[in-house]
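Dropping query.cif in here (mmCIF, C-alpha atoms):
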data_coords
loop_
_atom_site.group_PDB
_atom_site.id
_atom_site.type_symbol
_atom_site.label_atom_id
_atom_site.label_comp_id
_atom_site.auth_asym_id
_atom_site.auth_seq_id
_atom_site.Cartn_x
_atom_site.Cartn_y
_atom_site.Cartn_z
ATOM 1 C CA MET A 8 -0.615 -67.369 -54.537
ATOM 2 C CA ALA A 9 2.433 -67.284 -52.366
ATOM 3 C CA SER A 10 3.719 -64.302 -54.213
ATOM 4 C CA SER A 11 0.398 -62.523 -53.790
ATOM 5 C CA THR A 12 0.454 -63.277 -50.056
ATOM 6 C CA ILE A 13 3.984 -61.978 -49.810
ATOM 7 C CA ALA A 14 3.073 -58.879 -51.819
ATOM 8 C CA LYS A 15 -0.009 -58.362 -49.685
ATOM 9 C CA LEU A 16 2.063 -58.792 -46.541
ATOM 10 C CA PHE A 17 4.672 -56.374 -47.891
ATOM 11 C CA VAL A 18 1.989 -53.771 -48.686
ATOM 12 C CA GLU A 19 0.340 -54.207 -45.273
ATOM 13 C CA LEU A 20 3.670 -53.954 -43.465
ATOM 14 C CA GLY A 21 4.626 -50.910 -45.492
ATOM 15 C CA PHE A 22 1.289 -49.316 -44.790
ATOM 16 C CA LYS A 23 1.446 -50.193 -41.140
ATOM 17 C CA ASP A 24 5.020 -48.969 -41.046
ATOM 18 C CA LYS A 25 3.853 -45.596 -42.348
ATOM 19 C CA GLU A 26 1.146 -45.500 -39.651
ATOM 20 C CA PHE A 27 3.743 -46.614 -37.112
ATOM 21 C CA GLN A 28 6.147 -43.885 -38.269
ATOM 22 C CA ALA A 29 3.357 -41.275 -38.116
ATOM 23 C CA GLY A 30 2.447 -42.514 -34.632
ATOM 24 C CA LEU A 31 6.071 -42.256 -33.562
ATOM 25 C CA LYS A 32 6.321 -38.714 -34.935
ATOM 26 C CA SER A 33 3.109 -37.776 -33.117
ATOM 27 C CA ALA A 34 4.381 -39.318 -29.884
ATOM 28 C CA GLU A 35 7.712 -37.555 -30.331
ATOM 29 C CA MET A 36 5.967 -34.193 -30.770
ATOM 30 C CA GLY A 37 3.791 -34.924 -27.720
ATOM 31 C CA MET A 38 6.873 -35.723 -25.662
ATOM 32 C CA ALA A 39 8.521 -32.509 -26.844
ATOM 33 C CA ARG A 40 5.434 -30.519 -25.769
ATOM 34 C CA LEU A 41 5.415 -32.355 -22.441
ATOM 35 C CA GLY A 42 9.121 -31.601 -21.964
ATOM 36 C CA SER A 43 8.538 -27.945 -22.776
ATOM 37 C CA ALA A 44 5.632 -27.775 -20.321
ATOM 38 C CA GLY A 45 7.781 -29.515 -17.697
ATOM 39 C CA SER A 46 10.561 -27.018 -18.279
ATOM 40 C CA GLN A 47 8.119 -24.134 -17.933
ATOM 41 C CA MET A 48 6.747 -25.661 -14.712
ATOM 42 C CA SER A 49 10.281 -26.105 -13.421
ATOM 43 C CA ASN A 50 11.091 -22.486 -14.201
ATOM 44 C CA LEU A 51 7.845 -21.387 -12.570
ATOM 45 C CA PHE A 52 8.326 -23.467 -9.423
ATOM 46 C CA GLY A 53 12.046 -22.835 -9.387
ATOM 47 C CA GLY A 54 11.339 -19.099 -9.370
ATOM 48 C CA VAL A 55 8.740 -19.493 -6.639
ATOM 49 C CA VAL A 56 11.051 -21.670 -4.573
ATOM 50 C CA THR A 57 13.924 -19.235 -5.086
ATOM 51 C CA LYS A 58 11.728 -16.286 -4.121
ATOM 52 C CA ALA A 59 10.423 -18.190 -1.087
ATOM 53 C CA PHE A 60 13.988 -19.003 -0.067
ATOM 54 C CA TYR A 61 15.005 -15.350 -0.381
ATOM 55 C CA ALA A 62 11.925 -14.268 1.601
ATOM 56 C CA ALA A 63 12.637 -16.831 4.335
ATOM 57 C CA THR A 64 16.267 -15.735 4.481
ATOM 58 C CA ALA A 65 15.247 -12.082 4.725
ATOM 59 C CA ALA A 66 12.730 -12.900 7.465
ATOM 60 C CA ALA A 67 15.293 -14.895 9.442
ATOM 61 C CA THR A 68 17.846 -12.110 9.065
ATOM 62 C CA GLY A 69 15.279 -9.521 10.143
ATOM 63 C CA PHE A 70 14.284 -11.636 13.136
ATOM 64 C CA ALA A 71 17.917 -12.065 14.153
ATOM 65 C CA ALA A 72 18.560 -8.321 13.811
ATOM 66 C CA ALA A 73 15.414 -7.485 15.807
ATOM 67 C CA SER A 74 16.379 -10.002 18.485
ATOM 68 C CA ALA A 75 19.861 -8.526 18.715
ATOM 69 C CA TYR A 76 18.379 -5.027 18.996
ATOM 70 C CA VAL A 77 15.910 -6.096 21.705
ATOM 71 C CA GLY A 78 18.701 -7.882 23.568
ATOM 72 C CA ALA A 79 20.982 -4.865 23.349
ATOM 73 C CA THR A 80 18.182 -2.544 24.480
ATOM 74 C CA PHE A 81 17.444 -4.785 27.455
ATOM 75 C CA GLU A 82 21.118 -5.016 28.423
ATOM 76 C CA GLN A 83 21.493 -1.228 28.188
ATOM 77 C CA GLU A 84 18.367 -0.643 30.288
ATOM 78 C CA ILE A 85 19.323 -3.123 33.013
ATOM 79 C CA THR A 86 22.880 -1.752 33.136
ATOM 80 C CA THR A 87 21.445 1.740 33.618
ATOM 81 C CA VAL A 88 19.247 0.439 36.451
ATOM 82 C CA GLY A 89 22.305 -1.082 38.100
ATOM 83 C CA ALA A 90 24.284 2.133 37.731
ATOM 84 C CA VAL A 91 21.518 4.321 39.188
ATOM 85 C CA ALA A 92 20.913 1.869 42.059
ATOM 86 C CA GLY A 93 24.635 1.477 42.748
ATOM 87 C CA SER A 94 24.400 -2.267 42.208
ATOM 88 C CA THR A 95 27.251 -4.754 42.398
ATOM 89 C CA GLU A 96 27.799 -7.357 39.700
ATOM 90 C CA LYS A 97 25.865 -9.886 41.805
ATOM 91 C CA ASP A 98 23.045 -7.339 42.286
ATOM 92 C CA LEU A 99 22.975 -6.693 38.546
ATOM 93 C CA ALA A 100 22.580 -10.424 37.906
ATOM 94 C CA SER A 101 19.642 -10.477 40.361
ATOM 95 C CA LEU A 102 18.038 -7.481 38.640
ATOM 96 C CA THR A 103 18.507 -9.169 35.257
ATOM 97 C CA ASP A 104 16.933 -12.396 36.499
ATOM 98 C CA GLN A 105 13.969 -10.514 37.999
ATOM 99 C CA ALA A 106 13.375 -8.505 34.818
ATOM 100 C CA ARG A 107 13.475 -11.646 32.675
ATOM 101 C CA LYS A 108 11.152 -13.444 35.088
ATOM 102 C CA LEU A 109 8.678 -10.562 34.984
ATOM 103 C CA GLY A 110 8.979 -10.422 31.203
ATOM 104 C CA SER A 111 7.966 -14.062 30.969
ATOM 105 C CA GLN A 112 5.214 -13.957 33.618
ATOM 106 C CA THR A 113 3.446 -10.662 32.913
ATOM 107 C CA THR A 114 2.088 -8.873 29.876
ATOM 108 C CA PHE A 115 5.177 -6.673 29.904
ATOM 109 C CA SER A 116 8.490 -7.498 28.247
ATOM 110 C CA ALA A 117 11.757 -7.886 30.146
ATOM 111 C CA THR A 118 12.861 -4.525 28.725
ATOM 112 C CA GLU A 119 9.676 -2.886 30.005
ATOM 113 C CA ALA A 120 10.271 -4.499 33.410
ATOM 114 C CA ALA A 121 13.795 -3.033 33.366
ATOM 115 C CA GLU A 122 12.304 0.391 32.557
ATOM 116 C CA ALA A 123 10.033 0.062 35.613
ATOM 117 C CA MET A 124 13.069 -0.909 37.673
ATOM 118 C CA TYR A 125 14.813 2.231 36.430
ATOM 119 C CA SER A 126 11.950 4.377 37.726
ATOM 120 C CA LEU A 127 12.204 2.658 41.110
ATOM 121 C CA ALA A 128 15.987 3.110 41.161
ATOM 122 C CA SER A 129 15.548 6.792 40.268
ATOM 123 C CA ALA A 130 13.252 7.111 43.280
ATOM 124 C CA GLY A 131 16.150 6.014 45.475
ATOM 125 C CA LEU A 132 15.268 2.361 46.078
ATOM 126 C CA SER A 133 18.094 -0.123 46.658
ATOM 127 C CA THR A 134 18.603 -3.212 44.497
ATOM 128 C CA ASN A 135 16.722 -5.468 46.914
ATOM 129 C CA GLU A 136 13.882 -2.940 47.200
ATOM 130 C CA ILE A 137 13.702 -2.706 43.402
ATOM 131 C CA ILE A 138 13.477 -6.477 43.117
ATOM 132 C CA SER A 139 10.771 -6.553 45.780
ATOM 133 C CA ALA A 140 8.699 -3.667 44.349
ATOM 134 C CA SER A 141 9.043 -4.305 40.611
ATOM 135 C CA GLU A 142 6.419 -7.033 40.310
ATOM 136 C CA PRO A 143 3.720 -5.090 42.219
ATOM 137 C CA ALA A 144 4.583 -2.037 40.098
ATOM 138 C CA LEU A 145 4.005 -3.985 36.879
ATOM 139 C CA LEU A 146 0.808 -5.517 38.210
ATOM 140 C CA LEU A 147 -0.427 -2.053 39.191
ATOM 141 C CA ALA A 148 0.354 -0.749 35.693
ATOM 142 C CA GLY A 149 -1.610 -3.625 34.181
ATOM 143 C CA ALA A 150 -4.552 -3.205 36.560
ATOM 144 C CA ALA A 151 -4.665 0.555 36.135
ATOM 145 C CA GLY A 152 -4.139 0.475 32.396
ATOM 146 C CA SER A 153 -1.429 3.060 32.868
ATOM 147 C CA SER A 154 2.182 3.310 31.865
ATOM 148 C CA MET A 155 4.793 1.609 33.985
ATOM 149 C CA THR A 156 6.487 4.934 34.532
ATOM 150 C CA THR A 157 3.331 6.378 36.082
ATOM 151 C CA SER A 158 2.671 3.281 38.169
ATOM 152 C CA THR A 159 6.217 3.021 39.478
ATOM 153 C CA LYS A 160 6.316 6.735 40.322
ATOM 154 C CA VAL A 161 3.002 6.503 42.187
ATOM 155 C CA LEU A 162 4.165 3.392 44.006
ATOM 156 C CA ALA A 163 7.562 4.860 44.940
ATOM 157 C CA SER A 164 6.004 8.180 45.983
ATOM 158 C CA THR A 165 3.436 6.430 48.169
ATOM 159 C CA MET A 166 6.148 4.337 49.844
ATOM 160 C CA ALA A 167 8.209 7.463 50.497
ATOM 161 C CA GLN A 168 5.216 9.562 51.637
ATOM 162 C CA PHE A 169 4.083 7.029 54.227
ATOM 163 C CA GLY A 170 7.523 5.660 55.134
ATOM 164 C CA LEU A 171 6.676 2.164 53.884
ATOM 165 C CA GLU A 172 9.185 -0.527 53.013
ATOM 166 C CA ALA A 173 9.428 -2.059 49.531
ATOM 167 C CA SER A 174 7.991 -5.260 51.000
ATOM 168 C CA GLU A 175 4.704 -3.274 51.306
ATOM 169 C CA ALA A 176 4.621 -2.557 47.537
ATOM 170 C CA GLY A 177 2.190 -5.416 46.918
ATOM 171 C CA ARG A 178 -0.262 -4.047 49.498
ATOM 172 C CA ILE A 179 0.040 -0.535 48.028
ATOM 173 C CA ALA A 180 -0.591 -1.871 44.524
ATOM 174 C CA ASP A 181 -3.612 -3.829 45.800
ATOM 175 C CA VAL A 182 -5.106 -0.739 47.450
ATOM 176 C CA PHE A 183 -4.648 1.327 44.289
ATOM 177 C CA SER A 184 -6.055 -1.500 42.137
ATOM 178 C CA MET A 185 -9.126 -1.845 44.368
ATOM 179 C CA THR A 186 -9.621 1.925 44.393
ATOM 180 C CA ILE A 187 -9.413 2.051 40.601
ATOM 181 C CA ARG A 188 -11.819 -0.853 40.241
ATOM 182 C CA LYS A 189 -14.439 0.524 42.666
ATOM 183 C CA SER A 190 -14.321 4.204 41.769
ATOM 184 C CA GLN A 191 -13.656 6.754 39.067
ATOM 185 C CA PHE A 192 -10.016 7.015 40.187
ATOM 186 C CA THR A 193 -7.381 6.503 37.470
ATOM 187 C CA LEU A 194 -3.637 6.693 37.296
#
Structure encoded using structure tokens:
Amino acid sequence: MASSTIAKLFVELGFKDKEFQAGLKSAEMGMARLGSAGSQMSNLFGGVVTKAFYAATAAATGFAAASAYVGATFEQEITTVGAVAGSTEKDLASLTDQARKLGSQTTFSATEAAEAMYSLASAGLSTNEIISASEPALLLAGAAGSSMTTSTKVLASTMAQFGLEASEAGRIADVFSMTIRKSQFTL
């Protein structure tokens, strides 16, 4: 009986070993498929991540180039204002500060504020007069829905026509704004 038990045990172990081996082979094939799928996912995400990195790099480079261009444009415009107004280095710093302040506090950019300052300088205003009249000029442009060039020319012409100081620019802009608001008048 012992030999039959041993034989039976040997047969069962052999049979179970075959099932075990088949199970191992099946698990091994499953792991290979999982590894292949993981590799494909890695390639897929790696490509997406690489493309995203390239896109982010291109965007950052474009932003830096645009910022440099805007900065250079602003510096050129404010330097031109200073040259036309006959400004000193200290005056130029004041003009720069005013343009940046207006760029941060109005709907216009600092470069657009410098363009308005150029129109005022071209009308013969001094640096201090430009600084005093530039904010009302921008506010008038915003209220009138007109270009800054038009608003600054109207403002400068009105000051010259009536012999008004630049300190009166706010009052002039208010009168034009009220006239525009209460009538069919436009700039």
- [ ] Evaluate the PyMOL selection byres ((chain A and resi 100) around 12) and record the selected residues as a PyMOL selection string, following the chain and residue labels used in the document.
- [x] chain A and resi 82+85-86+88-89+94-99+101-107+134-135+138
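Evaluated against the shown file, the PyMOL selection byres ((chain A and resi 154) around 12) gives Phe115, Glu119, Ala120, Glu122, Ala123, Ser126, Ala144, Leu145, Leu146, Leu147, Ala148, Gly149, Ala150, Ala151, Gly152, Ser153, Met155, Thr156, Thr157, Ser158, Thr159, Lys160, Val161, Thr193 and Leu194 of chain A.
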Open item on the list: Just want the 10 Å neighbourhood of Ala173 of chain A, counted on only C-alpha atoms, with same-chain residues fewer than 5 positions away dropped. Output as a ChimeraX atom specification.
Closed with: /A:132-133,135-141,143,162-163,166-167,178-179
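Closest approach to Ala180 of chain A among A:Phe192, A:Lys108, A:Glu142, A:Ala90 is made by A:Glu142 (distances from all atoms listed in the file).
Here atom CA of Glu172 of chain A stands at a distance of 14.1 Å from atom CA of Ala128 of chain A.
Across the model, the gap from atom CA of Ser164 of chain A to atom CA of Ser129 of chain A is 11.2 Å.
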